[in-house]
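Pasted below: target18.txt, compact mmCIF, C-alpha atoms.
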# COMPACT_ATOMS: atom_id res chain seq x y z
CA MET A 3 -23.73 4.50 38.21
CA GLY A 4 -26.73 6.70 38.95
CA ALA A 5 -28.61 8.80 36.43
CA ARG A 6 -27.18 12.00 37.93
CA HIS A 7 -23.65 10.70 37.55
CA GLU A 8 -24.37 9.75 33.94
CA GLU A 9 -25.84 13.17 33.23
CA ARG A 10 -22.80 14.94 34.68
CA ARG A 11 -20.45 12.73 32.68
CA ARG A 12 -22.33 13.57 29.49
CA GLN A 13 -22.27 17.27 30.34
CA ILE A 14 -18.50 17.28 30.85
CA ALA A 15 -17.87 15.22 27.73
CA GLU A 16 -19.96 17.54 25.55
CA ALA A 17 -18.16 20.59 26.97
CA LEU A 18 -14.80 18.96 26.29
CA LEU A 19 -15.70 18.06 22.70
CA ALA A 20 -17.02 21.57 22.04
CA ILE A 21 -13.81 23.19 23.30
CA ILE A 22 -11.53 20.84 21.36
CA ASP A 23 -13.59 21.47 18.26
CA LEU A 24 -13.38 25.25 18.65
CA HIS A 25 -9.78 25.70 19.75
CA GLY A 26 -7.97 22.47 19.03
CA LEU A 27 -6.55 20.00 21.45
CA ASP A 28 -3.49 21.95 22.57
CA ALA A 29 -5.55 24.81 23.97
CA VAL A 30 -7.84 22.81 26.28
CA SER A 31 -7.48 23.11 30.04
CA LEU A 32 -9.41 21.25 32.73
CA ARG A 33 -10.51 24.65 34.04
CA ASP A 34 -12.07 25.59 30.66
CA VAL A 35 -13.94 22.32 30.55
CA ALA A 36 -15.30 22.88 34.07
CA ALA A 37 -16.40 26.42 33.18
CA ARG A 38 -18.16 25.38 29.99
CA ALA A 39 -19.83 22.37 31.60
CA GLU A 40 -20.82 24.58 34.56
CA VAL A 41 -19.42 22.16 37.10
CA SER A 42 -16.56 22.44 39.61
CA LEU A 43 -12.95 21.70 38.71
CA GLY A 44 -13.13 18.83 41.19
CA ALA A 45 -16.03 17.30 39.24
CA VAL A 46 -13.96 17.37 36.06
CA GLN A 47 -10.95 15.89 37.85
CA HIS A 48 -13.15 13.02 38.91
CA TYR A 49 -13.13 11.93 35.24
CA PHE A 50 -9.64 12.95 34.13
CA ARG A 51 -6.58 14.56 35.70
CA SER A 52 -4.20 14.87 32.75
CA LYS A 53 -4.41 15.59 29.06
CA ASP A 54 -3.94 11.91 28.23
CA GLU A 55 -6.76 10.89 30.58
CA MET A 56 -8.89 13.64 29.06
CA LEU A 57 -8.32 12.23 25.58
CA LEU A 58 -9.13 8.72 26.78
CA PHE A 59 -12.34 10.04 28.29
CA ALA A 60 -13.26 11.88 25.06
CA LEU A 61 -12.44 8.86 22.92
CA ASP A 62 -14.54 6.51 25.04
CA TYR A 63 -17.40 8.96 24.88
CA ILE A 64 -17.35 9.38 21.10
CA SER A 65 -16.98 5.64 20.64
CA GLU A 66 -20.11 5.07 22.76
CA ARG A 67 -21.89 7.78 20.79
CA GLY A 68 -20.96 6.04 17.52
CA THR A 69 -22.20 2.69 18.80
CA GLU A 70 -25.44 4.34 19.89
CA ARG A 71 -25.90 5.90 16.42
CA VAL A 72 -25.41 2.55 14.72
CA ARG A 73 -27.91 0.99 17.13
CA ARG A 74 -30.48 3.71 16.40
CA SER A 75 -30.02 3.66 12.64
CA LEU A 76 -30.58 -0.08 12.66
CA GLY A 77 -33.79 0.35 14.59
CA GLN A 78 -35.69 -2.38 16.35
CA GLY A 79 -35.32 -6.09 15.71
CA GLU A 80 -32.79 -8.11 13.78
CA GLN A 81 -31.09 -6.46 10.81
CA PRO A 82 -29.32 -8.26 7.96
CA PRO A 83 -25.61 -8.55 8.91
CA ARG A 84 -24.47 -6.82 5.72
CA ALA A 85 -26.52 -3.71 6.58
CA VAL A 86 -24.98 -3.64 10.06
CA LEU A 87 -21.52 -4.03 8.53
CA ARG A 88 -22.16 -1.14 6.14
CA ASP A 89 -23.46 1.10 8.91
CA ILE A 90 -20.43 0.51 11.10
CA LEU A 91 -17.99 1.15 8.25
CA ALA A 92 -19.88 4.31 7.25
CA GLU A 93 -19.36 5.61 10.81
CA LEU A 94 -15.66 5.95 9.97
CA VAL A 95 -16.42 8.48 7.22
CA PRO A 96 -17.24 11.93 8.66
CA ALA A 97 -20.39 12.88 6.75
CA ASP A 98 -21.66 15.54 9.16
CA ASP A 99 -20.32 18.07 11.68
CA GLN A 100 -20.66 15.77 14.66
CA ARG A 101 -18.71 12.90 13.05
CA ARG A 102 -16.17 15.39 11.73
CA ALA A 103 -15.55 16.73 15.24
CA GLU A 104 -15.24 13.19 16.53
CA LEU A 105 -12.73 12.18 13.88
CA ARG A 106 -10.66 15.30 14.59
CA ILE A 107 -10.39 14.16 18.19
CA ALA A 108 -9.61 10.59 17.20
CA THR A 109 -6.84 11.90 14.93
CA ALA A 110 -5.38 14.02 17.73
CA PHE A 111 -5.50 10.93 19.89
CA THR A 112 -3.72 8.84 17.25
CA ALA A 113 -0.95 11.41 16.84
CA ARG A 114 -0.47 11.57 20.59
CA SER A 115 -0.52 7.80 20.98
CA LEU A 116 2.63 7.64 18.83
CA VAL A 117 4.56 9.09 21.76
CA SER A 118 2.46 7.64 24.60
CA PRO A 119 2.51 3.84 25.06
CA LYS A 120 -0.54 3.93 27.36
CA LEU A 121 -2.67 5.70 24.75
CA ALA A 122 -1.25 3.42 22.06
CA ASP A 123 -2.42 0.33 23.97
CA HIS A 124 -5.89 1.78 24.32
CA LEU A 125 -6.05 2.70 20.64
CA ARG A 126 -4.83 -0.71 19.50
CA ALA A 127 -7.40 -2.44 21.71
CA GLY A 128 -10.13 -0.30 20.13
CA TYR A 129 -8.98 -1.23 16.61
CA ASP A 130 -8.72 -4.90 17.52
CA SER A 131 -12.24 -5.07 18.90
CA LEU A 132 -13.78 -3.16 15.99
CA TYR A 133 -11.96 -5.54 13.62
CA ASP A 134 -13.36 -8.55 15.52
CA VAL A 135 -16.88 -7.17 15.11
CA LEU A 136 -16.33 -6.75 11.35
CA VAL A 137 -15.03 -10.33 10.97
CA LEU A 138 -18.05 -11.63 12.87
CA LEU A 139 -20.49 -9.65 10.72
CA ILE A 140 -18.87 -10.94 7.53
CA ARG A 141 -19.22 -14.53 8.78
CA HIS A 142 -22.89 -13.85 9.55
CA ALA A 143 -23.38 -12.26 6.13
CA GLN A 144 -21.85 -15.36 4.56
CA GLU A 145 -24.16 -17.64 6.56
CA ALA A 146 -27.12 -15.49 5.44
CA ASP A 147 -25.93 -15.78 1.79
CA GLU A 148 -25.40 -12.03 1.63
CA MET A 149 -21.70 -12.42 0.89
CA PRO A 150 -19.89 -15.21 -1.01
CA ALA A 151 -18.74 -18.13 1.12
CA GLY A 152 -15.39 -18.09 -0.69
CA LEU A 153 -14.29 -14.76 0.83
CA ASP A 154 -11.76 -14.92 3.64
CA PRO A 155 -13.61 -13.10 6.48
CA GLU A 156 -10.42 -11.84 8.12
CA ARG A 157 -8.78 -10.50 4.98
CA THR A 158 -12.07 -9.01 3.84
CA ALA A 159 -12.64 -7.31 7.19
CA ALA A 160 -9.08 -5.97 7.23
CA ALA A 161 -9.41 -4.49 3.73
CA LEU A 162 -12.85 -2.95 4.41
CA PHE A 163 -11.66 -1.49 7.71
CA ALA A 164 -8.55 0.03 6.10
CA LEU A 165 -10.54 1.36 3.13
CA ALA A 166 -13.13 3.03 5.38
CA GLU A 167 -10.45 4.47 7.63
CA GLY A 168 -8.46 5.85 4.69
CA LEU A 169 -11.60 7.36 3.16
CA GLY A 170 -12.47 8.93 6.50
CA MET A 171 -9.05 10.53 6.77
CA GLN A 172 -9.21 11.83 3.21
CA VAL A 173 -12.63 13.37 3.84
CA LEU A 174 -11.39 14.92 7.08
CA ILE A 175 -8.50 16.71 5.41
CA GLY A 176 -10.74 17.87 2.58
CA HIS A 177 -9.24 15.77 -0.21
CA ARG A 178 -12.54 14.03 -0.89
CA ASN A 179 -16.19 14.78 -0.20
CA PRO A 180 -18.22 12.47 2.07
CA ARG A 181 -20.73 11.51 -0.63
CA THR A 182 -18.05 10.17 -3.00
CA ALA A 183 -16.29 8.46 -0.11
CA LEU A 184 -19.47 6.60 0.87
CA ALA A 185 -20.12 5.73 -2.79
CA ILE A 186 -16.61 4.20 -3.03
CA LEU A 187 -17.25 2.21 0.14
CA ASP A 188 -20.58 0.94 -1.21
CA GLU A 189 -19.06 0.02 -4.59
CA HIS A 190 -16.42 -1.98 -2.80
CA LEU A 191 -19.03 -3.78 -0.69
CA ASP A 192 -21.14 -4.48 -3.79
CA ARG A 193 -18.14 -5.84 -5.67
CA LEU A 194 -17.30 -8.12 -2.74
CA SER A 195 -20.87 -9.38 -2.60
CA THR A 196 -20.84 -10.40 -6.25
CA THR A 197 -17.29 -11.82 -6.39
CA ALA A 198 -17.16 -15.52 -7.09
CA SER A 199 -14.08 -16.36 -5.00
CA MET B 3 20.86 25.95 -5.03
CA GLY B 4 24.49 24.94 -4.54
CA ALA B 5 25.71 21.55 -3.38
CA ARG B 6 26.75 22.99 -0.02
CA HIS B 7 23.31 24.46 0.52
CA GLU B 8 21.72 21.10 -0.36
CA GLU B 9 24.04 19.27 2.01
CA ARG B 10 23.20 21.62 4.88
CA ARG B 11 19.51 21.26 4.18
CA ARG B 12 19.84 17.47 4.30
CA GLN B 13 21.84 17.68 7.54
CA ILE B 14 19.20 19.82 9.25
CA ALA B 15 16.35 17.66 7.99
CA GLU B 16 17.98 14.45 9.23
CA ALA B 17 18.63 16.02 12.65
CA LEU B 18 15.02 17.18 12.84
CA LEU B 19 13.63 13.76 11.91
CA ALA B 20 15.89 12.04 14.43
CA ILE B 21 14.76 14.32 17.26
CA ILE B 22 11.07 14.01 16.42
CA ASP B 23 11.48 10.26 16.24
CA LEU B 24 13.20 10.11 19.65
CA HIS B 25 11.17 12.59 21.64
CA GLY B 26 8.00 13.29 19.70
CA LEU B 27 6.94 16.44 18.00
CA ASP B 28 6.00 18.47 21.06
CA ALA B 29 9.50 18.34 22.50
CA VAL B 30 11.42 19.67 19.48
CA SER B 31 13.02 23.11 19.61
CA LEU B 32 14.91 24.90 16.84
CA ARG B 33 17.89 25.03 19.21
CA ASP B 34 17.93 21.21 19.58
CA VAL B 35 17.84 20.79 15.84
CA ALA B 36 20.77 23.21 15.41
CA ALA B 37 22.78 21.39 18.08
CA ARG B 38 22.17 17.95 16.61
CA ALA B 39 22.85 19.09 13.04
CA GLU B 40 25.98 20.90 14.30
CA VAL B 41 25.01 24.16 12.62
CA SER B 42 24.12 27.60 14.01
CA LEU B 43 20.62 28.53 15.10
CA GLY B 44 20.64 31.08 12.28
CA ALA B 45 21.27 28.32 9.75
CA VAL B 46 18.23 26.42 11.03
CA GLN B 47 16.08 29.56 10.98
CA HIS B 48 16.96 29.97 7.33
CA TYR B 49 14.76 26.92 6.70
CA PHE B 50 12.04 27.34 9.33
CA ARG B 51 11.16 29.83 12.06
CA SER B 52 8.13 28.23 13.68
CA LYS B 53 6.87 24.78 14.52
CA ASP B 54 4.47 24.83 11.58
CA GLU B 55 7.26 25.79 9.15
CA MET B 56 9.42 23.08 10.70
CA LEU B 57 6.73 20.49 10.01
CA LEU B 58 6.33 21.73 6.44
CA PHE B 59 10.07 21.41 5.98
CA ALA B 60 10.10 17.87 7.43
CA LEU B 61 7.12 16.82 5.34
CA ASP B 62 8.63 18.12 2.10
CA TYR B 63 11.85 16.32 2.93
CA ILE B 64 10.25 12.94 3.63
CA SER B 65 8.07 13.30 0.56
CA GLU B 66 11.19 13.84 -1.58
CA ARG B 67 12.84 10.89 0.12
CA GLY B 68 9.83 8.70 -0.70
CA THR B 69 9.86 9.80 -4.34
CA GLU B 70 13.59 9.05 -4.49
CA ARG B 71 13.02 5.55 -3.06
CA VAL B 72 10.34 4.80 -5.65
CA ARG B 73 12.68 6.04 -8.38
CA ARG B 74 15.52 3.83 -7.13
CA SER B 75 13.37 0.73 -6.66
CA LEU B 76 12.11 1.09 -10.20
CA GLY B 77 15.68 1.27 -11.49
CA GLN B 78 16.72 2.42 -14.93
CA GLY B 79 14.46 2.60 -17.96
CA GLU B 80 10.71 2.36 -18.39
CA GLN B 81 8.77 0.25 -15.93
CA PRO B 82 5.29 -1.18 -16.43
CA PRO B 83 2.80 1.36 -15.02
CA ARG B 84 1.20 -1.22 -12.73
CA ALA B 85 4.57 -1.85 -11.01
CA VAL B 86 5.05 1.88 -10.49
CA LEU B 87 1.53 2.14 -9.09
CA ARG B 88 2.19 -0.70 -6.68
CA ASP B 89 5.49 0.81 -5.51
CA ILE B 90 3.94 4.17 -4.81
CA LEU B 91 1.04 2.64 -2.87
CA ALA B 92 3.42 0.43 -0.88
CA GLU B 93 5.28 3.57 0.23
CA LEU B 94 2.22 4.43 2.31
CA VAL B 95 2.65 1.27 4.41
CA PRO B 96 5.50 1.64 6.95
CA ALA B 97 7.42 -1.60 6.45
CA ASP B 98 10.71 -0.47 8.01
CA ASP B 99 11.99 1.95 10.66
CA GLN B 100 12.62 4.78 8.23
CA ARG B 101 9.12 4.70 6.76
CA ARG B 102 7.67 4.28 10.24
CA ALA B 103 9.44 7.42 11.44
CA GLU B 104 8.23 9.26 8.35
CA LEU B 105 4.63 8.22 8.85
CA ARG B 106 4.76 9.28 12.51
CA ILE B 107 5.74 12.73 11.33
CA ALA B 108 3.08 12.78 8.63
CA THR B 109 0.49 11.82 11.27
CA ALA B 110 1.63 14.61 13.60
CA PHE B 111 1.36 16.93 10.64
CA THR B 112 -2.17 15.74 9.85
CA ALA B 113 -3.33 16.22 13.44
CA ARG B 114 -1.85 19.72 13.51
CA SER B 115 -3.33 20.62 10.13
CA LEU B 116 -6.81 20.17 11.63
CA VAL B 117 -6.27 23.39 13.59
CA SER B 118 -3.99 25.18 11.10
CA PRO B 119 -5.51 26.20 7.73
CA LYS B 120 -2.06 26.83 6.22
CA LEU B 121 -0.88 23.31 6.99
CA ALA B 122 -4.25 21.94 5.86
CA ASP B 123 -3.84 23.58 2.43
CA HIS B 124 -0.38 22.11 2.05
CA LEU B 125 -1.57 18.66 3.08
CA ARG B 126 -4.56 18.74 0.74
CA ALA B 127 -2.33 19.79 -2.16
CA GLY B 128 -0.04 16.85 -1.42
CA TYR B 129 -2.98 14.42 -1.43
CA ASP B 130 -4.39 15.91 -4.60
CA SER B 131 -1.15 15.57 -6.52
CA LEU B 132 -0.49 12.01 -5.33
CA TYR B 133 -4.04 11.14 -6.37
CA ASP B 134 -3.43 12.66 -9.82
CA VAL B 135 -0.33 10.49 -10.23
CA LEU B 136 -2.33 7.37 -9.29
CA VAL B 137 -5.09 8.18 -11.80
CA LEU B 138 -2.48 8.70 -14.51
CA LEU B 139 -0.75 5.40 -13.74
CA ILE B 140 -4.06 3.52 -13.86
CA ARG B 141 -4.82 5.04 -17.29
CA HIS B 142 -1.36 3.96 -18.47
CA ALA B 143 -1.87 0.48 -17.01
CA GLN B 144 -5.17 0.27 -18.91
CA GLU B 145 -3.49 1.36 -22.15
CA ALA B 146 -0.80 -1.28 -21.55
CA ASP B 147 -3.54 -3.91 -20.96
CA GLU B 148 -2.34 -4.42 -17.40
CA MET B 149 -5.68 -3.36 -15.95
CA PRO B 150 -9.20 -3.77 -17.40
CA ALA B 151 -10.39 -0.92 -19.61
CA GLY B 152 -13.77 -1.03 -17.87
CA LEU B 153 -12.41 0.29 -14.55
CA ASP B 154 -13.08 3.92 -13.72
CA PRO B 155 -9.54 5.30 -13.22
CA GLU B 156 -10.62 7.97 -10.74
CA ARG B 157 -12.75 5.74 -8.56
CA THR B 158 -10.10 3.03 -8.68
CA ALA B 159 -7.33 5.46 -7.73
CA ALA B 160 -9.42 6.86 -4.87
CA ALA B 161 -10.13 3.40 -3.46
CA LEU B 162 -6.51 2.23 -3.77
CA PHE B 163 -5.23 5.42 -2.19
CA ALA B 164 -7.66 5.16 0.75
CA LEU B 165 -6.94 1.46 1.21
CA ALA B 166 -3.17 2.01 1.29
CA GLU B 167 -3.51 4.95 3.64
CA GLY B 168 -5.79 3.03 6.01
CA LEU B 169 -3.43 0.06 5.99
CA GLY B 170 -0.49 2.35 6.71
CA MET B 171 -2.25 3.87 9.69
CA GLN B 172 -3.22 0.45 11.05
CA VAL B 173 0.38 -0.76 10.75
CA LEU B 174 1.63 2.41 12.43
CA ILE B 175 -0.54 1.96 15.50
CA GLY B 176 0.35 -1.74 15.70
CA HIS B 177 -3.04 -3.19 14.78
CA ARG B 178 -1.63 -4.99 11.75
CA ASN B 179 1.82 -6.13 10.64
CA PRO B 180 3.38 -4.68 7.49
CA ARG B 181 3.61 -8.04 5.70
CA THR B 182 -0.13 -8.71 5.96
CA ALA B 183 -0.91 -5.10 5.04
CA LEU B 184 1.15 -5.36 1.84
CA ALA B 185 -0.47 -8.74 1.05
CA ILE B 186 -3.93 -7.15 1.39
CA LEU B 187 -2.86 -4.32 -0.93
CA ASP B 188 -1.52 -6.82 -3.50
CA GLU B 189 -4.66 -8.95 -3.33
CA HIS B 190 -6.74 -5.88 -3.99
CA LEU B 191 -4.57 -4.90 -6.98
CA ASP B 192 -4.73 -8.46 -8.32
CA ARG B 193 -8.51 -8.57 -7.96
CA LEU B 194 -8.79 -5.25 -9.83
CA SER B 195 -6.57 -6.53 -12.62
CA THR B 196 -8.77 -9.57 -13.20
CA THR B 197 -12.14 -7.87 -12.77
CA ALA B 198 -14.27 -7.80 -15.91
CA SER B 199 -16.01 -4.46 -15.32
If you convert what's in this file into structure tokens, what do you get?
Amino acid sequence: MGARHEERRRQIAEALLAIIDLHGLDAVSLRDVAARAEVSLGAVQHYFRSKDEMLLFALDYISERGTERVRRSLGQGEQPPRAVLRDILAELVPADDQRRAELRIATAFTARSLVSPKLADHLRAGYDSLYDVLVLLIRHAQEADEMPAGLDPERTAAALFALAEGLGMQVLIGHRNPRTALAILDEHLDRLSTTAS
Amino acid sequence: MGARHEERRRQIAEALLAIIDLHGLDAVSLRDVAARAEVSLGAVQHYFRSKDEMLLFALDYISERGTERVRRSLGQGEQPPRAVLRDILAELVPADDQRRAELRIATAFTARSLVSPKLADHLRAGYDSLYDVLVLLIRHAQEADEMPAGLDPERTAAALFALAEGLGMQVLIGHRNPRTALAILDEHLDRLSTTAS
């Protein structure tokens, strides 16, 4: 893919996210996205032709953006695995407007995936691969003596993943503020790191 | 409210849940609900006139049904607070078809509440009051020496609530099976009960 192609893709994705954020998912049309991105309808249709494809496109884009943020926050060189683990989990809690907009879209996607097997497959695959990354990081943290060897990496990853996701949802709907949510996540990580078994 | 009124309300609610479960939320019309419940359109409109009111009605109904299940599972007489706490948290994990259908509806409601302030208020109030119940149960469990006095009831309730909600979502989308999810929840409760601080 050329740089121009990449730039156009980014342009369309940003327009799409802005419209969803302003008007909600139901109101978006391909035509609106084209107008806001200042490209032709044909250019938009190159990336998605239906609402489901549009959501897939948006979800892939925000997932890349999240990965990029984690990469940047970790900076250059090797980071301790526990810090990487914490950064990835914290991405699930919407602590600013950008993450909030992203989680709104992910939630719309989840709701829609409950009646669309194709979206459901995509979503499940995303969860599975994020879970695999968490398990791997916990193993590395154990090898680096940052987490107790006695912890079951899979169970621990599953619990941390679910906790972060639940906190994210509760922040999104306004039941909890982001600062407390992140403090709860950190407490849980600290407790795990000092548990004997 | 008379018994006949209650019966009609139940009839309409069950028809609504069945249609949402079969065809998804987008496809439901008030007319379909009336037909399936074998009542007049006017009777349905007595309970809800718009899609948002319909969702509110469905959500209130499944929330009552959940409360009723907890009550039944706890049986007659006083139960230890920790058992009540566990039962309420387990309700958030869809371990059978009925709970699965309910959580699908709750998820549709959540997604819609992100673009509807009225629904958002209702949802937040529901979260807040469930959270209050959890805090209260943890305090009772501490008084009954079932949980360590050193635990912060509010932080503990928040973490348990988020964990159970995240697990429920991950079961719903098929990332995790209900048995493992409930085991993770129980492990977490056990670890809390044996923690010193």
query = What is the distance between atom CA of Ser195 of chain A and atom CA of Gly79 of chain A, in Å to one decimal?
reply =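 Pair atom CA of Ser195 of chain A / atom CA of Gly79 of chain A returns 23.6 Å.
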query = Hey, can you check how far atom CA of Ala185 of chain A sits from atom CA of Val117 of chain B?
reply = 27.8 Å
inquiry  = Set the cut-off to 10 Å and count only C-alpha atoms: what are the residues of chain A that reach chain B? Output as a PyMOL selection string.
reply    = chain A and resi 22-28+106-118+122-123+125-130+133+157-158+160-172+174-178+182-183+185-187+189-190+193+197
query = Pick the closest to Pro155 of chain A from A:Val95, A:Leu121, A:Ala37, A:Leu194: which is it, counting only C-alpha atoms?
reply =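 Looking at the shortest contact to Pro155 of chain A, the residue is A:Leu194.
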task = Could you please determine the separation between atom CA of Leu105 of chain A and atom CA of Arg67 of chain B in Å, to one decimal place?
result =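 A separation of 29.1 Å between them.
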ask   = If I put a ball of radius 12 Å at (-11.0, 1.7, -15.1) in the file's coordinates, which residues poke into it when counting all atoms listed in the file, written as a ChimeraX atom specification?
value = /B:136-145,147-161,194-199
task = Between A:Ile21, A:Leu87, A:Ala97, A:Ile14, single out the one closest to Tyr49 of chain A, counting all atoms listed in the file.
result =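 Closest to Tyr49 of chain A, using all atoms listed in the file: A:Ile14.
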request  = Fewer than 4 positions away in the same chain doesn't count, so skip those; otherwise give me all residues within 8 Å of Arg88 of chain B, counting only C-alpha atoms, as an MDAnalysis selection string.
outcome  = chainID B and resid 84 92 188 191
Residue neighbourhood Leu18 of chain A, 9 Å, all atoms listed in the file, exclusion window fewer than 3 positions, as a ChimeraX atom specification = /A:13-15,21-23,30,32,34-36,38-39,56,60
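Residue nearest Arg74 of chain A, chosen from A:Asp89, A:Asp134, A:Asp62, A:Glu55 and counting all atoms listed in the file: A:Asp89.
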inquiry  = Residues near Gly68 of chain A, anyone? I mean within 10 Å using only C-alpha atoms, not counting same-chain ones fewer than 2 positions away, as number ranges by chain.
reply    = A: 62-66, 70-74, 90, 93-94, 101, 104
Restricting the output to C-alpha atoms, write the selected residues as a short mmCIF file (atom, residue, chain, number, x, y, z; two decimals), in the frame of the given file.
data_model
loop_
_atom_site.label_atom_id
_atom_site.label_comp_id
_atom_site.auth_asym_id
_atom_site.auth_seq_id
_atom_site.Cartn_x
_atom_site.Cartn_y
_atom_site.Cartn_z
CA ASP A 62 -14.54 6.51 25.04
CA TYR A 63 -17.40 8.96 24.88
CA ILE A 64 -17.35 9.38 21.10
CA SER A 65 -16.98 5.64 20.64
CA GLU A 66 -20.11 5.07 22.76
CA GLU A 70 -25.44 4.34 19.89
CA ARG A 71 -25.90 5.90 16.42
CA VAL A 72 -25.41 2.55 14.72
CA ARG A 73 -27.91 0.99 17.13
CA ARG A 74 -30.48 3.71 16.40
CA ILE A 90 -20.43 0.51 11.10
CA GLU A 93 -19.36 5.61 10.81
CA LEU A 94 -15.66 5.95 9.97
CA ARG A 101 -18.71 12.90 13.05
CA GLU A 104 -15.24 13.19 16.53
#
